[in-house]
Amino acid sequence: PMMMMMMMADTPSMQRTSRSGGGGSNNNRVGAKLFDSTYDFIKLKNAQIARQLTDMDMSFFCAIQPRECLGQAWKKDNKYEIACNLCNLIDHCNRVARWVQARILLAKTAKIRGRLIKKFVKICHQLFVLRNFSSLFAIHGALNSTPIIRLKKAWHYVPTKHCAKFEEFKVIFASKKNNANLRRLHRETNPPMMPYIGLYLQDLFNVEEGNQKTKQDGSVNFARLIRLSTVIDSLLWYQNTTYKIFVDKQLQLLLSTELFLNQHLDDDFLWNLSKSALQTDNKKSNFIPTFQSQRRLVF
């Protein structure tokens, strides 16, 4: 999606030796380095994961200062100096998306991948209930990415009601009419709310690129400044009302560690993981869709 591409931060890639797209045993070794194998992720409560992600998101969001939103600072070469907090939130969103992709792609079988897809759809629902459009966008974007959406056998293991819920989120994040559905939700949702910052960065970009700093007579274009101030104020207004969430330090440490370990995964690496997963699925000649009579996602 356009806004996800806009938010992508420049991060070092995984070493090329890890992009060979090798067999399952190689993926297992990679997975052991990226995830904590001492617990069963699927058994963690979805609502609790959503709450802790929301608390983490708000911590990054509430640190943003108005000046960081000016001059497209988040795109500059020295962005981590002039817009550190804004870039931290952007990087965090991208880490969440990479984490979701890697969690699914490194699963051993299509059935487990299907269970993970279902779990992340359920986490999306909890994030929607919490009005956290930031992590909701990140996780939905990961599920809707090409490396994941093309895993047809894995999606066959996702029950119909969860596929339907996924389709509902696709409608919310549809890019038609300048993301009209997502913008309407932002306008109609009462705080506390964790906004999707990509909407506001796009608006700031449009204002700055579409309006000159000065008028033809050389005077300051105050209309441009007012529009910029309006966008920034409408975004940072949500800092005034925070969530009342019990902080689970152990779970947040677990999530933060896994997000950190997955932060440098690049598109080539994830694509090769997807290829490997498809090859593994295609070897299963006795595959029978669990929900064969139910409605399917359209690929």
# chains A, B, ... in the order shown; residues from 1 in each chain; ligands from 1
call {"tool": "select_by_dssp", "arguments": {"residues": "stretch 140-177 of chain A", "states": "helix (DSSP H, G or I)", "output": "list in words"}}
result
His140, Gly141, Ala142, Leu143, Thr146, Pro147, Ile148, Ile149, Lys152, Lys153, Ala154, Trp155, His156, Thr160, Lys161, His162, Cys163, Ala164, Lys165, Phe166, Glu167, Glu168, Phe169, Lys170, Val171, Ile172, Lys176 and Lys177 of chain A
call {"tool": "residues_around", "arguments": {"residues": "stretch 62-66 of chain A", "least_positions_apart": "5", "cutoff": "10 Å", "atoms": "only C-alpha atoms", "output": "PyMOL selection string"}}
result
chain A and resi 57+83-89+194+229+232-233+235-242
call {"tool": "closest_residue", "arguments": {"among": "A:Asn262, A:Asn144, A:Asn78, A:Gln212", "to": "A:Arg224", "atoms": "only C-alpha atoms"}}
result
A:Gln212
call {"tool": "residues_around", "arguments": {"residues": "A:Lys249", "least_positions_apart": "5", "cutoff": "12 Å", "atoms": "only C-alpha atoms", "output": "VMD selection string"}}
result
chain A and resid 48 to 49 51 to 53 55 to 56 254 to 257
call {"tool": "atom_distance", "arguments": {"atom1": "atom CA of A:Glu209", "atom2": "atom CA of A:Val231"}}
result
14.4 Å
call {"tool": "residues_around", "arguments": {"residues": "A:Lys213", "least_positions_apart": "6", "cutoff": "9 Å", "atoms": "only C-alpha atoms", "output": "short mmCIF file (atom, residue, chain, number, x, y, z; two decimals) with C-alpha atoms, in the first residue's frame"}}
result
data_model
loop_
_atom_site.label_atom_id
_atom_site.label_comp_id
_atom_site.auth_asym_id
_atom_site.auth_seq_id
_atom_site.Cartn_x
_atom_site.Cartn_y
_atom_site.Cartn_z
CA SER A 219 4.94 37.86 1.60
CA VAL A 220 4.57 34.79 3.81
CA ASN A 221 1.84 32.37 2.73
CA PHE A 222 -0.01 32.24 6.04
CA ARG A 224 -0.12 27.32 4.09
CA LEU A 225 1.09 27.67 7.67
#
call {"tool": "residues_around", "arguments": {"residues": "A:Val158", "least_positions_apart": "3", "cutoff": "7 Å", "atoms": "only C-alpha atoms", "output": "ChimeraX atom specification"}}
result
/A:114-115,118,155,162-163
call {"tool": "write_last_selection", "arguments": {"atoms": "N, CA, C and O atoms", "output": "compact mmCIF listing (two decimals), in the first residue's frame"}}
result
# COMPACT_ATOMS: atom_id res chain seq x y z
N GLY A 114 -1.81 -21.27 8.85
CA GLY A 114 -3.22 -20.90 8.89
C GLY A 114 -3.68 -20.50 10.28
O GLY A 114 -4.43 -19.54 10.45
N ARG A 115 -3.21 -21.25 11.28
CA ARG A 115 -3.56 -20.91 12.67
C ARG A 115 -2.99 -19.55 13.06
O ARG A 115 -3.64 -18.77 13.78
N LYS A 118 -5.05 -16.82 11.40
CA LYS A 118 -6.28 -16.64 12.17
C LYS A 118 -6.01 -15.86 13.45
O LYS A 118 -6.79 -14.96 13.81
N TRP A 155 -4.21 -20.24 3.90
CA TRP A 155 -5.49 -19.53 4.03
C TRP A 155 -6.67 -20.50 4.04
O TRP A 155 -7.72 -20.19 4.59
N HIS A 162 -13.32 -15.72 10.07
CA HIS A 162 -12.11 -14.92 10.20
C HIS A 162 -11.67 -14.38 8.83
O HIS A 162 -11.12 -13.27 8.75
N CYS A 163 -11.94 -15.14 7.77
CA CYS A 163 -11.70 -14.61 6.42
C CYS A 163 -12.62 -13.42 6.16
O CYS A 163 -12.21 -12.43 5.56
call {"tool": "atom_distance", "arguments": {"atom1": "atom CA of A:Ala110", "atom2": "atom CA of A:Val129"}}
result
28.8 Å
call {"tool": "residues_around", "arguments": {"residues": "A:Pro195", "least_positions_apart": "4", "cutoff": "9 Å", "atoms": "only C-alpha atoms", "output": "ChimeraX atom specification"}}
result
/A:61,131-134,186,199-200,235,238
call {"tool": "write_last_selection", "arguments": {"atoms": "N, CA, C and O atoms", "output": "JSON list (two decimals), in the first residue's frame"}}
result
[["chain", "number", "residue", "atom", "x", "y", "z"],
["A", 61, "PHE", "N", 4.09, 7.38, 20.24],
["A", 61, "PHE", "CA", 3.29, 8.48, 19.70],
["A", 61, "PHE", "C", 3.31, 9.71, 20.59],
["A", 61, "PHE", "O", 3.46, 10.84, 20.10],
["A", 131, "ARG", "N", -9.40, 0.81, 19.20],
["A", 131, "ARG", "CA", -9.25, 1.99, 18.34],
["A", 131, "ARG", "C", -7.78, 2.29, 18.08],
["A", 131, "ARG", "O", -7.37, 3.46, 17.99],
["A", 132, "ASN", "N", -7.00, 1.24, 17.95],
["A", 132, "ASN", "CA", -5.58, 1.38, 17.62],
["A", 132, "ASN", "C", -5.41, 1.12, 16.12],
["A", 132, "ASN", "O", -5.25, -0.01, 15.69],
["A", 133, "PHE", "N", -5.45, 2.20, 15.35],
["A", 133, "PHE", "CA", -5.37, 2.07, 13.89],
["A", 133, "PHE", "C", -3.94, 1.95, 13.40],
["A", 133, "PHE", "O", -3.71, 1.68, 12.22],
["A", 134, "SER", "N", -2.98, 2.16, 14.29],
["A", 134, "SER", "CA", -1.58, 2.07, 13.91],
["A", 134, "SER", "C", -1.13, 0.62, 13.76],
["A", 134, "SER", "O", -0.73, 0.18, 12.69],
["A", 186, "HIS", "N", -11.43, 7.77, 11.64],
["A", 186, "HIS", "CA", -10.66, 8.67, 12.49],
["A", 186, "HIS", "C", -11.52, 9.84, 12.96],
["A", 186, "HIS", "O", -11.43, 10.25, 14.13],
["A", 199, "LEU", "N", -1.74, 8.69, 7.48],
["A", 199, "LEU", "CA", -2.74, 9.61, 6.93],
["A", 199, "LEU", "C", -2.29, 11.05, 7.08],
["A", 199, "LEU", "O", -2.39, 11.86, 6.15],
["A", 200, "TYR", "N", -1.81, 11.39, 8.25],
["A", 200, "TYR", "CA", -1.44, 12.76, 8.56],
["A", 200, "TYR", "C", -0.13, 13.16, 7.86],
["A", 200, "TYR", "O", 0.01, 14.30, 7.42],
["A", 235, "LEU", "N", -3.54, 15.74, 14.64],
["A", 235, "LEU", "CA", -2.83, 14.50, 14.94],
["A", 235, "LEU", "C", -2.43, 14.43, 16.41],
["A", 235, "LEU", "O", -2.77, 13.47, 17.12],
["A", 238, "TYR", "N", -4.54, 13.72, 19.94],
["A", 238, "TYR", "CA", -4.79, 12.41, 20.55],
["A", 238, "TYR", "C", -3.77, 12.08, 21.63],
["A", 238, "TYR", "O", -3.94, 11.10, 22.37]]
call {"tool": "closest_residue", "arguments": {"among": "A:Ile42, A:Ile139, A:Ile149, A:Cys69", "to": "A:Lys119", "atoms": "only C-alpha atoms"}}
result
A:Ile42
call {"tool": "atom_distance", "arguments": {"atom1": "atom CA of A:Tyr243", "atom2": "atom CA of A:Cys93"}}
result
18.5 Å
call {"tool": "closest_residue", "arguments": {"among": "A:Ile117, A:Ala164, A:Ile90, A:Val100", "to": "A:Phe60", "atoms": "only C-alpha atoms"}}
result
A:Ile90
call {"tool": "decode", "arguments": {"residues": "stretch 81-93 of chain A", "atoms": "all heavy atoms", "output": "PDB file, in the first residue's frame"}}
result
ATOM      1  N   GLU A  81      17.872  12.802  13.723  1.00  0.00           N
ATOM      2  CA  GLU A  81      18.310  13.935  14.535  1.00  0.00           C
ATOM      3  C   GLU A  81      17.202  14.965  14.677  1.00  0.00           C
ATOM      4  O   GLU A  81      16.990  15.522  15.757  1.00  0.00           O
ATOM      5  CB  GLU A  81      19.549  14.581  13.907  1.00  0.00           C
ATOM      6  CG  GLU A  81      20.760  13.657  13.827  1.00  0.00           C
ATOM      7  CD  GLU A  81      21.912  14.292  13.083  1.00  0.00           C
ATOM      8  OE1 GLU A  81      21.852  15.523  12.825  1.00  0.00           O
ATOM      9  OE2 GLU A  81      22.874  13.579  12.739  1.00  0.00           O
ATOM     10  N   ILE A  82      16.472  15.217  13.591  1.00  0.00           N
ATOM     11  CA  ILE A  82      15.465  16.280  13.606  1.00  0.00           C
ATOM     12  C   ILE A  82      14.042  15.762  13.831  1.00  0.00           C
ATOM     13  O   ILE A  82      13.132  16.544  14.118  1.00  0.00           O
ATOM     14  CB  ILE A  82      15.520  17.105  12.306  1.00  0.00           C
ATOM     15  CG1 ILE A  82      15.226  16.212  11.086  1.00  0.00           C
ATOM     16  CG2 ILE A  82      16.875  17.781  12.160  1.00  0.00           C
ATOM     17  CD1 ILE A  82      15.204  16.982   9.772  1.00  0.00           C
ATOM     18  N   ALA A  83      13.839  14.458  13.686  1.00  0.00           N
ATOM     19  CA  ALA A  83      12.500  13.887  13.897  1.00  0.00           C
ATOM     20  C   ALA A  83      12.629  12.499  14.520  1.00  0.00           C
ATOM     21  O   ALA A  83      12.019  11.537  14.070  1.00  0.00           O
ATOM     22  CB  ALA A  83      11.730  13.816  12.579  1.00  0.00           C
ATOM     23  N   CYS A  84      13.405  12.426  15.582  1.00  0.00           N
ATOM     24  CA  CYS A  84      13.731  11.145  16.209  1.00  0.00           C
ATOM     25  C   CYS A  84      12.482  10.390  16.662  1.00  0.00           C
ATOM     26  O   CYS A  84      12.321   9.200  16.379  1.00  0.00           O
ATOM     27  CB  CYS A  84      14.675  11.376  17.378  1.00  0.00           C
ATOM     28  SG  CYS A  84      15.105   9.872  18.299  1.00  0.00           S
ATOM     29  N   ASN A  85      11.594  11.066  17.374  1.00  0.00           N
ATOM     30  CA  ASN A  85      10.425  10.385  17.933  1.00  0.00           C
ATOM     31  C   ASN A  85       9.453   9.940  16.849  1.00  0.00           C
ATOM     32  O   ASN A  85       8.874   8.847  16.936  1.00  0.00           O
ATOM     33  CB  ASN A  85       9.720  11.318  18.925  1.00  0.00           C
ATOM     34  CG  ASN A  85      10.613  11.712  20.089  1.00  0.00           C
ATOM     35  OD1 ASN A  85      11.117  10.859  20.800  1.00  0.00           O
ATOM     36  ND2 ASN A  85      10.811  13.007  20.267  1.00  0.00           N
ATOM     37  N   LEU A  86       9.271  10.764  15.842  1.00  0.00           N
ATOM     38  CA  LEU A  86       8.402  10.403  14.729  1.00  0.00           C
ATOM     39  C   LEU A  86       8.959   9.196  13.990  1.00  0.00           C
ATOM     40  O   LEU A  86       8.223   8.254  13.657  1.00  0.00           O
ATOM     41  CB  LEU A  86       8.250  11.593  13.781  1.00  0.00           C
ATOM     42  CG  LEU A  86       7.386  11.395  12.536  1.00  0.00           C
ATOM     43  CD1 LEU A  86       5.993  10.900  12.903  1.00  0.00           C
ATOM     44  CD2 LEU A  86       7.310  12.703  11.741  1.00  0.00           C
ATOM     45  N   CYS A  87      10.259   9.195  13.747  1.00  0.00           N
ATOM     46  CA  CYS A  87      10.891   8.071  13.063  1.00  0.00           C
ATOM     47  C   CYS A  87      10.842   6.803  13.913  1.00  0.00           C
ATOM     48  O   CYS A  87      10.730   5.699  13.380  1.00  0.00           O
ATOM     49  CB  CYS A  87      12.334   8.409  12.704  1.00  0.00           C
ATOM     50  SG  CYS A  87      12.496   9.629  11.382  1.00  0.00           S
ATOM     51  N   ASN A  88      10.919   6.952  15.221  1.00  0.00           N
ATOM     52  CA  ASN A  88      10.822   5.786  16.107  1.00  0.00           C
ATOM     53  C   ASN A  88       9.464   5.106  15.968  1.00  0.00           C
ATOM     54  O   ASN A  88       9.369   3.871  15.960  1.00  0.00           O
ATOM     55  CB  ASN A  88      11.050   6.201  17.560  1.00  0.00           C
ATOM     56  CG  ASN A  88      12.502   6.494  17.870  1.00  0.00           C
ATOM     57  OD1 ASN A  88      13.394   6.051  17.147  1.00  0.00           O
ATOM     58  ND2 ASN A  88      12.751   7.238  18.926  1.00  0.00           N
ATOM     59  N   LEU A  89       8.393   5.912  15.857  1.00  0.00           N
ATOM     60  CA  LEU A  89       7.066   5.339  15.670  1.00  0.00           C
ATOM     61  C   LEU A  89       6.948   4.665  14.308  1.00  0.00           C
ATOM     62  O   LEU A  89       6.399   3.561  14.197  1.00  0.00           O
ATOM     63  CB  LEU A  89       5.990   6.421  15.814  1.00  0.00           C
ATOM     64  CG  LEU A  89       4.553   5.964  15.546  1.00  0.00           C
ATOM     65  CD1 LEU A  89       4.152   4.821  16.479  1.00  0.00           C
ATOM     66  CD2 LEU A  89       3.581   7.128  15.694  1.00  0.00           C
ATOM     67  N   ILE A  90       7.466   5.309  13.278  1.00  0.00           N
ATOM     68  CA  ILE A  90       7.437   4.724  11.936  1.00  0.00           C
ATOM     69  C   ILE A  90       8.188   3.391  11.922  1.00  0.00           C
ATOM     70  O   ILE A  90       7.697   2.389  11.393  1.00  0.00           O
ATOM     71  CB  ILE A  90       8.039   5.696  10.909  1.00  0.00           C
ATOM     72  CG1 ILE A  90       7.147   6.931  10.764  1.00  0.00           C
ATOM     73  CG2 ILE A  90       8.225   5.011   9.554  1.00  0.00           C
ATOM     74  CD1 ILE A  90       7.749   8.040   9.908  1.00  0.00           C
ATOM     75  N   ASP A  91       9.373   3.379  12.518  1.00  0.00           N
ATOM     76  CA  ASP A  91      10.165   2.149  12.560  1.00  0.00           C
ATOM     77  C   ASP A  91       9.439   1.058  13.343  1.00  0.00           C
ATOM     78  O   ASP A  91       9.483  -0.120  12.966  1.00  0.00           O
ATOM     79  CB  ASP A  91      11.527   2.422  13.198  1.00  0.00           C
ATOM     80  CG  ASP A  91      12.436   3.252  12.306  1.00  0.00           C
ATOM     81  OD1 ASP A  91      12.124   3.388  11.103  1.00  0.00           O
ATOM     82  OD2 ASP A  91      13.449   3.777  12.813  1.00  0.00           O
ATOM     83  N   HIS A  92       8.783   1.460  14.426  1.00  0.00           N
ATOM     84  CA  HIS A  92       8.045   0.485  15.231  1.00  0.00           C
ATOM     85  C   HIS A  92       6.920  -0.151  14.406  1.00  0.00           C
ATOM     86  O   HIS A  92       6.730  -1.380  14.450  1.00  0.00           O
ATOM     87  CB  HIS A  92       7.472   1.162  16.469  1.00  0.00           C
ATOM     88  CG  HIS A  92       6.554   0.301  17.269  1.00  0.00           C
ATOM     89  ND1 HIS A  92       6.986  -0.797  17.994  1.00  0.00           N
ATOM     90  CD2 HIS A  92       5.200   0.354  17.448  1.00  0.00           C
ATOM     91  CE1 HIS A  92       5.953  -1.374  18.581  1.00  0.00           C
ATOM     92  NE2 HIS A  92       4.857  -0.697  18.266  1.00  0.00           N
ATOM     93  N   CYS A  93       6.180   0.638  13.660  1.00  0.00           N
ATOM     94  CA  CYS A  93       5.113   0.102  12.815  1.00  0.00           C
ATOM     95  C   CYS A  93       5.656  -0.884  11.794  1.00  0.00           C
ATOM     96  O   CYS A  93       5.058  -1.944  11.556  1.00  0.00           O
ATOM     97  CB  CYS A  93       4.388   1.242  12.104  1.00  0.00           C
ATOM     98  SG  CYS A  93       3.436   2.324  13.189  1.00  0.00           S
TER      99      CYS A  93
END
